[in-house]
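**Q** So here's coords_11.json, just JSON, C-alpha atoms:
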```json
[["chain", "number", "residue", "atom", "x", "y", "z"],
["A", 29, "MET", "CA", 127.63, 73.27, 159.96],
["A", 30, "GLU", "CA", 126.64, 69.94, 158.37],
["A", 31, "ARG", "CA", 122.95, 70.72, 158.90],
["A", 32, "THR", "CA", 123.44, 74.11, 157.25],
["A", 33, "MET", "CA", 125.04, 72.45, 154.23],
["A", 34, "VAL", "CA", 122.19, 69.94, 153.97],
["A", 35, "GLU", "CA", 119.63, 72.74, 154.16],
["A", 36, "ALA", "CA", 121.54, 74.67, 151.51],
["A", 37, "GLY", "CA", 121.53, 71.58, 149.29],
["A", 38, "ASP", "CA", 117.79, 71.15, 149.77],
["A", 39, "LYS", "CA", 117.27, 74.79, 148.85],
["A", 40, "THR", "CA", 119.36, 74.37, 145.71],
["A", 41, "ARG", "CA", 117.33, 71.33, 144.66],
["A", 42, "GLU", "CA", 114.11, 73.20, 145.31],
["A", 43, "GLN", "CA", 115.32, 76.11, 143.21],
["A", 44, "ALA", "CA", 116.29, 73.71, 140.41],
["A", 45, "ALA", "CA", 112.82, 72.18, 140.55],
["A", 46, "VAL", "CA", 111.27, 75.62, 140.23],
["A", 47, "ARG", "CA", 113.50, 76.46, 137.29],
["A", 48, "SER", "CA", 112.50, 73.31, 135.41],
["A", 49, "LYS", "CA", 108.77, 73.78, 136.00],
["A", 50, "TYR", "CA", 108.46, 75.85, 132.81],
["A", 51, "ARG", "CA", 109.97, 74.49, 129.60],
["A", 52, "PHE", "CA", 109.18, 76.88, 126.77],
["A", 53, "LEU", "CA", 110.04, 77.16, 123.12],
["A", 54, "PHE", "CA", 109.89, 80.61, 121.53],
["A", 55, "ILE", "CA", 109.26, 80.56, 117.77],
["A", 56, "GLN", "CA", 109.72, 83.58, 115.55],
["A", 57, "PRO", "CA", 107.20, 84.00, 112.72],
["A", 58, "PHE", "CA", 109.95, 84.04, 110.10],
["A", 59, "GLN", "CA", 113.63, 84.56, 109.52],
["A", 60, "LEU", "CA", 115.45, 86.06, 106.59],
["A", 61, "PRO", "CA", 118.41, 84.41, 104.86],
["A", 62, "ARG", "CA", 121.77, 85.61, 106.07],
["A", 63, "GLY", "CA", 122.90, 88.62, 104.07],
["A", 64, "SER", "CA", 119.38, 89.59, 103.03],
["A", 65, "ARG", "CA", 118.99, 93.20, 101.93],
["A", 66, "TYR", "CA", 116.29, 93.98, 104.45],
["A", 67, "ALA", "CA", 117.25, 91.80, 107.40],
["A", 68, "ASP", "CA", 116.85, 93.30, 110.86],
["A", 69, "LYS", "CA", 119.91, 92.63, 112.99],
["A", 70, "TYR", "CA", 117.83, 90.66, 115.50],
["A", 71, "HIS", "CA", 117.00, 88.07, 112.86],
["A", 72, "SER", "CA", 120.63, 87.00, 112.52],
["A", 73, "ASP", "CA", 121.31, 83.35, 113.34],
["A", 74, "VAL", "CA", 124.79, 84.25, 114.61],
["A", 75, "LEU", "CA", 123.31, 85.96, 117.70],
["A", 76, "SER", "CA", 122.63, 84.32, 121.03],
["A", 77, "LYS", "CA", 119.07, 83.34, 121.88],
["A", 78, "GLU", "CA", 118.99, 86.16, 124.45],
["A", 79, "GLN", "CA", 119.91, 88.69, 121.77],
["A", 80, "ARG", "CA", 117.40, 87.27, 119.29],
["A", 81, "LEU", "CA", 114.69, 87.51, 121.94],
["A", 82, "ARG", "CA", 115.72, 91.17, 122.36],
["A", 83, "MET", "CA", 116.30, 90.78, 126.07],
["A", 84, "ASN", "CA", 118.73, 93.69, 126.00],
["A", 85, "HIS", "CA", 115.91, 96.19, 125.63],
["A", 86, "LEU", "CA", 112.63, 94.42, 126.47],
["A", 87, "ASN", "CA", 111.84, 94.08, 130.15],
["A", 88, "ILE", "CA", 111.37, 90.31, 130.08],
["A", 89, "ARG", "CA", 114.56, 88.95, 131.63],
["A", 90, "HIS", "CA", 113.03, 88.60, 135.09],
["A", 91, "LEU", "CA", 110.11, 86.64, 133.62],
["A", 92, "LEU", "CA", 112.49, 83.97, 132.31],
["A", 93, "GLU", "CA", 114.57, 83.44, 135.43],
["A", 94, "ASP", "CA", 112.60, 80.30, 136.30],
["A", 95, "VAL", "CA", 112.13, 79.10, 132.71],
["A", 96, "GLU", "CA", 114.16, 76.60, 130.70],
["A", 97, "TRP", "CA", 113.77, 77.89, 127.19],
["A", 98, "ASP", "CA", 114.91, 77.46, 123.63],
["A", 99, "PHE", "CA", 114.58, 79.77, 120.66],
["A", 100, "HIS", "CA", 113.68, 78.94, 117.07],
["A", 101, "GLY", "CA", 114.17, 81.58, 114.40],
["A", 102, "GLY", "CA", 111.09, 80.43, 112.49],
["A", 103, "PRO", "CA", 110.81, 79.41, 108.85],
["A", 104, "VAL", "CA", 112.77, 81.20, 106.18],
["A", 105, "ALA", "CA", 110.34, 83.68, 104.65],
["A", 106, "PRO", "CA", 109.10, 82.04, 101.43],
["A", 107, "TYR", "CA", 107.85, 85.25, 99.79],
["A", 108, "GLY", "CA", 111.03, 87.38, 99.73],
["A", 109, "ASP", "CA", 113.84, 88.87, 101.82],
["A", 110, "TRP", "CA", 111.86, 91.44, 103.81],
["A", 111, "ALA", "CA", 109.72, 91.44, 106.95],
["A", 112, "VAL", "CA", 106.08, 90.39, 106.90],
["A", 113, "GLU", "CA", 103.41, 93.11, 106.72],
["A", 114, "THR", "CA", 100.58, 92.08, 104.39],
["A", 115, "ARG", "CA", 97.88, 89.42, 104.71],
["A", 116, "GLU", "CA", 99.48, 87.49, 101.85],
["A", 117, "GLU", "CA", 102.86, 87.46, 103.58],
["A", 118, "PHE", "CA", 101.31, 86.43, 106.88],
["A", 119, "ALA", "CA", 99.57, 83.51, 105.16],
["A", 120, "HIS", "CA", 102.90, 82.28, 103.78],
["A", 121, "VAL", "CA", 104.71, 82.30, 107.12],
["A", 122, "ALA", "CA", 101.70, 80.90, 109.01],
["A", 123, "ALA", "CA", 101.77, 77.73, 106.96],
["A", 124, "ALA", "CA", 105.56, 77.50, 107.14],
["A", 125, "ARG", "CA", 105.62, 77.80, 110.95],
["A", 126, "LEU", "CA", 103.27, 74.86, 111.60],
["A", 127, "PRO", "CA", 105.79, 72.03, 110.99],
["A", 128, "ILE", "CA", 108.08, 73.67, 113.56],
["A", 129, "VAL", "CA", 105.27, 73.68, 116.11],
["A", 130, "ARG", "CA", 104.42, 70.05, 115.38],
["A", 131, "GLU", "CA", 108.04, 68.92, 115.74],
["A", 132, "ALA", "CA", 108.43, 70.84, 119.01],
["A", 133, "CYS", "CA", 105.29, 69.28, 120.49],
["A", 134, "ALA", "CA", 106.29, 65.77, 119.40],
["A", 135, "SER", "CA", 109.76, 66.17, 120.95],
["A", 136, "GLY", "CA", 108.38, 66.10, 124.49],
["A", 137, "LYS", "CA", 110.86, 68.79, 125.52],
["A", 138, "TYR", "CA", 108.40, 71.61, 126.13],
["A", 139, "ASN", "CA", 105.27, 72.20, 128.18],
["A", 140, "ALA", "CA", 104.35, 75.46, 126.41],
["A", 141, "ILE", "CA", 104.95, 77.09, 123.06],
["A", 142, "VAL", "CA", 105.21, 80.88, 122.75],
["A", 143, "LEU", "CA", 104.67, 82.24, 119.26],
["A", 144, "LEU", "CA", 106.53, 85.50, 118.74],
["A", 145, "GLY", "CA", 105.46, 88.24, 116.37],
["A", 146, "GLY", "CA", 102.62, 90.69, 116.89],
["A", 147, "GLY", "CA", 100.56, 89.28, 114.03],
["A", 148, "GLU", "CA", 100.72, 85.72, 115.46],
["A", 149, "PRO", "CA", 100.60, 83.88, 112.09],
["A", 150, "GLY", "CA", 99.47, 80.28, 112.51],
["A", 151, "PHE", "CA", 98.23, 80.78, 116.07],
["A", 152, "LEU", "CA", 94.89, 78.97, 115.80],
["A", 153, "GLU", "CA", 96.40, 76.18, 113.75],
["A", 154, "SER", "CA", 99.25, 75.83, 116.24],
["A", 155, "ARG", "CA", 96.75, 75.49, 119.08],
["A", 156, "GLU", "CA", 95.00, 72.74, 117.14],
["A", 157, "ILE", "CA", 98.30, 70.89, 116.72],
["A", 158, "ALA", "CA", 99.41, 71.37, 120.33],
["A", 159, "ARG", "CA", 96.01, 70.32, 121.72],
["A", 160, "ARG", "CA", 96.80, 66.74, 120.65],
["A", 161, "TYR", "CA", 99.82, 66.85, 122.97],
["A", 162, "ARG", "CA", 98.03, 68.80, 125.75],
["A", 163, "ILE", "CA", 100.50, 71.67, 125.34],
["A", 164, "PRO", "CA", 99.30, 75.30, 125.63],
["A", 165, "VAL", "CA", 100.28, 77.81, 122.96],
["A", 166, "THR", "CA", 100.33, 81.56, 123.56],
["A", 167, "SER", "CA", 100.94, 84.49, 121.23],
["A", 168, "CYS", "CA", 101.46, 88.21, 121.48],
["A", 169, "ALA", "CA", 98.22, 89.76, 120.19],
["A", 170, "PHE", "CA", 95.97, 87.22, 121.92],
["A", 171, "SER", "CA", 97.81, 87.65, 125.24],
["A", 172, "GLN", "CA", 97.89, 91.44, 125.10],
["A", 173, "MET", "CA", 94.18, 91.72, 124.40],
["A", 174, "HIS", "CA", 93.17, 89.42, 127.23],
["A", 175, "ILE", "CA", 95.42, 91.05, 129.80],
["A", 176, "ALA", "CA", 94.48, 94.56, 128.63],
["A", 177, "THR", "CA", 90.80, 93.84, 129.28],
["A", 178, "MET", "CA", 91.67, 92.71, 132.80],
["A", 179, "LEU", "CA", 93.18, 96.14, 133.48],
["A", 180, "GLY", "CA", 90.64, 98.49, 131.94],
["A", 181, "ASN", "CA", 87.39, 98.68, 130.04],
["A", 182, "ARG", "CA", 88.88, 99.43, 126.63],
["A", 183, "PHE", "CA", 92.33, 99.31, 125.05],
["A", 184, "SER", "CA", 93.95, 100.91, 122.02],
["A", 185, "VAL", "CA", 96.64, 99.50, 119.77],
["A", 186, "ILE", "CA", 99.68, 101.50, 118.61],
["A", 187, "ASP", "CA", 100.82, 100.07, 115.29],
["A", 188, "PHE", "CA", 102.52, 101.03, 112.03],
["A", 189, "ALA", "CA", 101.98, 100.40, 108.31],
["A", 190, "GLU", "CA", 98.44, 100.65, 106.96],
["A", 191, "SER", "CA", 98.39, 97.07, 105.66],
["A", 192, "HIS", "CA", 99.50, 95.73, 109.05],
["A", 193, "ASN", "CA", 96.81, 97.83, 110.78],
["A", 194, "MET", "CA", 94.09, 96.09, 108.80],
["A", 195, "TYR", "CA", 95.59, 92.65, 109.38],
["A", 196, "TYR", "CA", 95.58, 93.41, 113.11],
["A", 197, "TYR", "CA", 92.00, 94.70, 112.80],
["A", 198, "ASP", "CA", 91.09, 91.17, 111.72],
["A", 199, "LEU", "CA", 92.80, 89.74, 114.83],
["A", 200, "VAL", "CA", 90.80, 92.00, 117.14],
["A", 201, "ILE", "CA", 87.59, 90.67, 115.60],
["A", 202, "ARG", "CA", 88.80, 87.05, 115.57],
["A", 203, "HIS", "CA", 89.58, 87.13, 119.28],
["A", 204, "GLY", "CA", 86.23, 88.71, 120.12],
["A", 205, "PHE", "CA", 87.48, 92.08, 121.32],
["A", 206, "ALA", "CA", 85.82, 94.44, 118.83],
["A", 207, "GLY", "CA", 83.71, 95.81, 121.67],
["A", 208, "ARG", "CA", 86.69, 96.33, 123.96],
["A", 209, "CYS", "CA", 89.20, 97.75, 121.44],
["A", 210, "ALA", "CA", 88.84, 101.53, 121.33],
["A", 211, "SER", "CA", 91.04, 102.03, 118.26],
["A", 212, "ILE", "CA", 94.13, 101.13, 116.28],
["A", 213, "ARG", "CA", 96.36, 104.18, 115.96],
["A", 214, "ASN", "CA", 98.87, 104.24, 113.11],
["A", 215, "ILE", "CA", 102.25, 105.97, 113.60],
["A", 216, "ASN", "CA", 103.02, 105.29, 109.91],
["A", 217, "TYR", "CA", 106.38, 103.56, 109.71],
["A", 218, "TYR", "CA", 107.35, 100.56, 107.63],
["A", 219, "HIS", "CA", 109.76, 97.70, 107.79],
["A", 220, "ALA", "CA", 112.72, 97.87, 105.46],
["A", 221, "ARG", "CA", 111.20, 96.46, 102.29],
["A", 222, "PRO", "CA", 111.02, 97.06, 98.54],
["A", 223, "GLY", "CA", 109.57, 100.44, 97.72],
["A", 224, "HIS", "CA", 110.57, 102.01, 101.02],
["A", 225, "GLU", "CA", 114.36, 102.05, 100.75],
["A", 226, "ASP", "CA", 114.58, 105.80, 101.38],
["A", 227, "ALA", "CA", 112.11, 105.91, 104.27],
["A", 228, "SER", "CA", 113.03, 105.91, 107.95],
["A", 229, "THR", "CA", 112.07, 102.49, 109.31],
["A", 230, "ILE", "CA", 110.80, 101.52, 112.73],
["A", 231, "ALA", "CA", 114.13, 99.74, 113.27],
["A", 232, "ASP", "CA", 116.02, 102.99, 112.60],
["A", 233, "GLU", "CA", 113.90, 104.74, 115.21],
["A", 234, "ARG", "CA", 114.50, 101.95, 117.70],
["A", 235, "GLU", "CA", 118.26, 102.27, 117.41],
["A", 236, "LYS", "CA", 118.07, 106.05, 117.93],
["A", 237, "ALA", "CA", 115.99, 105.65, 121.07],
["A", 238, "LEU", "CA", 118.22, 102.91, 122.49],
["A", 239, "ARG", "CA", 121.24, 105.19, 121.99],
["A", 240, "GLY", "CA", 119.46, 107.90, 123.96],
["A", 241, "GLU", "CA", 118.84, 110.06, 120.90],
["A", 242, "PRO", "CA", 115.51, 111.73, 120.04],
["A", 243, "SER", "CA", 113.21, 109.39, 118.17],
["A", 244, "ALA", "CA", 110.29, 110.58, 116.04],
["A", 245, "ALA", "CA", 108.64, 107.18, 116.54],
["A", 246, "VAL", "CA", 108.56, 107.73, 120.30],
["A", 247, "GLU", "CA", 106.99, 111.15, 119.81],
["A", 248, "ARG", "CA", 104.40, 109.79, 117.42],
["A", 249, "ALA", "CA", 103.61, 106.96, 119.83],
["A", 250, "VAL", "CA", 103.12, 109.43, 122.69],
["A", 251, "GLU", "CA", 100.81, 111.59, 120.55],
["A", 252, "ALA", "CA", 98.86, 108.52, 119.42],
["A", 253, "ALA", "CA", 98.50, 107.17, 122.95],
["A", 254, "ILE", "CA", 97.24, 110.48, 124.34],
["A", 255, "ALA", "CA", 94.76, 110.77, 121.47],
["A", 256, "ALA", "CA", 93.60, 107.20, 122.12],
["A", 257, "ILE", "CA", 93.00, 108.08, 125.77],
["A", 258, "GLU", "CA", 91.39, 111.48, 125.26],
["A", 259, "GLU", "CA", 89.47, 110.89, 122.04],
["A", 260, "ASP", "CA", 88.87, 107.13, 121.81],
["A", 261, "GLY", "CA", 88.28, 106.21, 125.45],
["A", 262, "ALA", "CA", 91.24, 103.86, 125.83],
["A", 263, "GLU", "CA", 92.31, 102.99, 129.38],
["A", 264, "VAL", "CA", 95.13, 100.60, 128.40],
["A", 265, "VAL", "CA", 97.65, 100.86, 125.56],
["A", 266, "THR", "CA", 99.01, 97.88, 123.62],
["A", 267, "PHE", "CA", 101.08, 97.41, 120.46],
["A", 268, "GLY", "CA", 100.49, 95.73, 117.11],
["A", 269, "CYS", "CA", 103.65, 94.56, 115.36],
["A", 270, "SER", "CA", 106.35, 93.15, 117.62],
["A", 271, "ASP", "CA", 108.84, 95.55, 116.03],
["A", 272, "ALA", "CA", 107.01, 98.25, 117.99],
["A", 273, "PHE", "CA", 107.33, 96.48, 121.36],
["A", 274, "TRP", "CA", 110.56, 98.35, 122.11],
["A", 275, "LEU", "CA", 108.43, 101.47, 122.50],
["A", 276, "GLN", "CA", 106.82, 100.15, 125.70],
["A", 277, "PRO", "CA", 109.24, 101.52, 128.35],
["A", 278, "PHE", "CA", 109.60, 104.86, 126.54],
["A", 279, "LEU", "CA", 105.85, 105.30, 126.16],
["A", 280, "GLN", "CA", 105.06, 104.16, 129.70],
["A", 281, "LYS", "CA", 107.52, 106.65, 131.18],
["A", 282, "ARG", "CA", 106.23, 109.53, 129.08],
["A", 283, "LEU", "CA", 102.62, 108.82, 129.99],
["A", 284, "ASP", "CA", 103.56, 108.52, 133.67],
["A", 285, "ASP", "CA", 105.43, 111.83, 133.52],
["A", 286, "LEU", "CA", 102.39, 113.47, 131.94],
["A", 287, "GLY", "CA", 100.10, 112.14, 134.64],
["A", 288, "TRP", "CA", 98.28, 109.55, 132.52],
["A", 289, "GLU", "CA", 97.88, 106.46, 134.72],
["A", 290, "ALA", "CA", 97.38, 104.04, 131.84],
["A", 291, "PRO", "CA", 99.20, 100.68, 131.66],
["A", 292, "VAL", "CA", 101.26, 100.09, 128.52],
["A", 293, "LEU", "CA", 101.62, 96.43, 127.53],
["A", 294, "GLU", "CA", 103.86, 94.65, 125.07],
["A", 295, "GLY", "CA", 103.26, 91.19, 123.67],
["A", 296, "TYR", "CA", 106.35, 89.23, 124.73],
["A", 297, "SER", "CA", 105.75, 89.79, 128.45],
["A", 298, "CYS", "CA", 102.06, 89.05, 128.15],
["A", 299, "ALA", "CA", 102.63, 85.84, 126.18],
["A", 300, "ILE", "CA", 105.21, 84.60, 128.70],
["A", 301, "VAL", "CA", 103.01, 85.34, 131.70],
["A", 302, "LEU", "CA", 99.98, 83.71, 130.08],
["A", 303, "ALA", "CA", 102.01, 80.60, 129.19],
["A", 304, "LYS", "CA", 103.08, 80.28, 132.84],
["A", 305, "LEU", "CA", 99.48, 80.67, 133.99],
["A", 306, "LEU", "CA", 98.26, 77.89, 131.70],
["A", 307, "VAL", "CA", 101.06, 75.58, 132.83],
["A", 308, "ASP", "CA", 100.27, 76.36, 136.48],
["A", 309, "LEU", "CA", 96.58, 75.60, 135.91],
["A", 310, "GLY", "CA", 97.43, 72.42, 134.04],
["A", 311, "VAL", "CA", 95.19, 73.33, 131.11],
["A", 312, "ASP", "CA", 95.51, 73.80, 127.39],
["A", 313, "ALA", "CA", 93.01, 74.69, 124.67],
["A", 314, "SER", "CA", 89.50, 73.27, 124.90],
["A", 315, "GLY", "CA", 88.96, 70.07, 122.97],
["A", 316, "LEU", "CA", 85.55, 71.41, 121.96],
["A", 317, "ALA", "CA", 87.09, 74.50, 120.38],
["A", 318, "PHE", "CA", 89.90, 72.43, 118.83],
["A", 319, "PRO", "CA", 88.49, 68.92, 118.32],
["A", 320, "GLY", "CA", 90.62, 66.07, 117.07],
["A", 321, "ASP", "CA", 89.96, 64.14, 113.87],
["A", 322, "ARG", "CA", 87.64, 61.68, 115.60],
["A", 323, "PRO", "CA", 86.45, 63.15, 118.93],
["A", 324, "ARG", "CA", 84.87, 60.76, 121.42],
["A", 325, "GLN", "CA", 81.85, 63.08, 121.68],
["A", 326, "TRP", "CA", 80.44, 65.40, 119.05],
["A", 327, "ARG", "CA", 77.83, 68.14, 119.08],
["A", 328, "GLN", "CA", 74.95, 68.23, 116.66],
["A", 329, "LYS", "CA", 74.73, 72.01, 116.85],
["A", 330, "LYS", "CA", 77.18, 74.88, 117.35],
["A", 331, "MET", "CA", 75.66, 78.03, 118.79],
["A", 332, "PHE", "CA", 76.73, 81.66, 118.23]]
```
The structure in this file should be written as structure tokens.
**A**
Amino acid sequence: MERTMVEAGDKTREQAAVRSKYRFLFIQPFQLPRGSRYADKYHSDVLSKEQRLRMNHLNIRHLLEDVEWDFHGGPVAPYGDWAVETREEFAHVAAARLPIVREACASGKYNAIVLLGGGEPGFLESREIARRYRIPVTSCAFSQMHIATMLGNRFSVIDFAESHNMYYYDLVIRHGFAGRCASIRNINYYHARPGHEDASTIADEREKALRGEPSAAVERAVEAAIAAIEEDGAEVVTFGCSDAFWLQPFLQKRLDDLGWEAPVLEGYSCAIVLAKLLVDLGVDASGLAFPGDRPRQWRQKKMF
């Protein structure tokens, strides 16, 4: 009996060690002031971190069972009280998120930073900051694209809002996937924002689907995904804005039911898995890609 108790204690300690192996901070790209006209309910600072990470409808809970994690709501949006969509708005929140990344790295509490938001504002700059602390940083678009190209030859992106499509177009090029991205398909929804008060938002469609009601956004996503497969040559489907990530289980099931054996990825899962991989490998960003102010070695020439 005593031996059994000792073995049980050893097992508990081993499990605790596994749980503390990953220490992540999730940072939202922005948050809106409480009571804002256009605030999504998941941006409320009165919610638990699990609710703000949308764990009630994204299939990520099992990925965090062995992770000690904190959640930061991101900087208060400096441009207005609506969600980010345009390049200008992304530039504002990118700069505002960097001090949060720097403080998190300097705290010594985390061994990886996960930037939330499909548009990953401040991602490259955050990697530059975290490189000084040897901490990896992952983000949703970057992670989706890399994992998608491990699963198939070409991927397509399901996104909404024309301005966001073109911002994401820039990300595809920046990450070097123009030759592997078959298309960006627009299902034409918007965030709640000035000028679109009377339009059905992507958040409205999400709530319908989660209640088990018909959702036009789901139908548009299915049509877009099938067109991406049949017309564009996509073999994997991903998403653009993180406010479309909720579509993943609905779209995956519909494609499966229709006989299309195409993986459907969403950014939160991909960013979490990639962060774990980098921690396991004991690596962060290359010091050649993200050199410090005074690197010990320097190159006379950079090749393309």
**Q** If we count all atoms listed in the file, what is near Phe278 (chain A) at a cut-off of 9 Å, once residues fewer than 4 positions away on the same chain are taken out, given as an MDAnalysis selection string?
**A** chainID A and resid 237 246 250 274 282:283
**Q** Pick out the closest residue to Ala124 (chain A) from this set: A:Gly207, A:Gly101, A:Glu258, A:Trp110. Count all atoms listed in the file.
**A**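 Using all atoms listed in the file, the shortest distance to Ala124 (chain A) belongs to A:Gly101.
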**Q** Which is closest to Lys49 (chain A) among A:Phe273, A:Trp326, A:Tyr70, A:Trp97, if we use only C-alpha atoms?
**A**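 Checking each of A:Phe273, A:Trp326, A:Tyr70, A:Trp97 against Lys49 (chain A), counting only C-alpha atoms, the winner is A:Trp97.
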**Q** Between CA of Tyr195 (chain A) and CA of Val104 (chain A), what is the distance in Å, rounded to a tenth?
**A** 20.9 Å
**Q** Go through A:Ala249, A:Val165, A:Leu144, A:Val264 one by one, measure the shortest atom-to-atom distance of each to Arg82 (chain A) using only C-alpha atoms, and give the residue with the smallest value.
**A**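 Counting only C-alpha atoms, the residue closest to Arg82 (chain A) is A:Leu144.
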**Q** So, counting only C-alpha atoms, which residue among A:Phe332, A:Gln59, A:His85, A:Asp321 is closest to Leu238 (chain A)?
**A** A:His85
**Q** Report, in Å with one decimal, the straight-line distance from CA of Ala189 (chain A) to CA of Ser171 (chain A).
**A**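 Separating CA of Ala189 (chain A) from CA of Ser171 (chain A) is a distance of 21.6 Å.
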**Q** I'd like to know which of A:Arg130, A:Arg162, A:Lys137, A:His120 is closest to Gly310 (chain A), using all atoms listed in the file.
**A**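 Among the listed residues, the smallest separation from Gly310 (chain A) belongs to A:Arg162.
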**Q** Measuring between all atoms listed in the file, which one of A:Tyr107, A:Tyr50, A:Phe151, A:Phe318 shows the shortest distance to Glu93 (chain A)?
**A**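 Of A:Tyr107, A:Tyr50, A:Phe151, A:Phe318, the one nearest Glu93 (chain A) is A:Tyr50, counting all atoms listed in the file.
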**Q** Counting all atoms listed in the file, what is within 10 Å of His192 (chain A), bar same-chain residues fewer than 4 positions away, as JSON, numbers by chain?
**A** {"A": [112, 113, 114, 115, 118, 146, 147, 187, 188, 196, 197, 198, 214, 218, 268, 269]}
**Q** Need to verify the contact set: Glu235 (chain A), 12 Å, only C-alpha atoms, exclusion of same-chain residues closer than 4 positions in sequence. Can you return it as a list in words?
**A**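 Residues meeting the cut-off are Asp68, Lys69, Tyr70, His85, Ser228, Thr229, Ile230, Ala231, Arg239, Gly240, Glu241, Pro242, Ser243, Ala244, Ala245, Val246, Asp271, Ala272, Trp274 and Leu275 of chain A.
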**Q** Suppose you want the space between CA of Met178 (chain A) and CA of Val311 (chain A); what is it in Å?
**A**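 According to the coordinates, CA of Met178 (chain A) and CA of Val311 (chain A) are separated by 19.8 Å.
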**Q** Excluding same-chain residues fewer than 6 positions from region 290-295 of chain A, what lies within 6 Å of it counting only C-alpha atoms, as a count of residues only?
**A** 8
**Q** Please provide the set of residues having any atom within 10 Å of Asp312 (chain A), restricted to all atoms listed in the file, with same-chain residues fewer than 2 positions apart removed, written as a list of chain:residue names.
**A** A:Asn139, A:Ala140, A:Arg155, A:Ala158, A:Arg159, A:Arg160, A:Tyr161, A:Arg162, A:Ile163, A:Pro164, A:Val165, A:Thr166, A:Ala303, A:Leu306, A:Val307, A:Leu309, A:Gly310, A:Ser314, A:Gly315
**Q** Listed atoms of region 92-110 of chain A, axis-aligned box, 8 Å per side: centre and edge lengths to one decimal in Å, as lines of an AutoDock Vina configuration file?
**A**
```
center_x = 111.4
center_y = 84.0
center_z = 118.0
size_x = 23.1
size_y = 30.8
size_z = 52.6
```
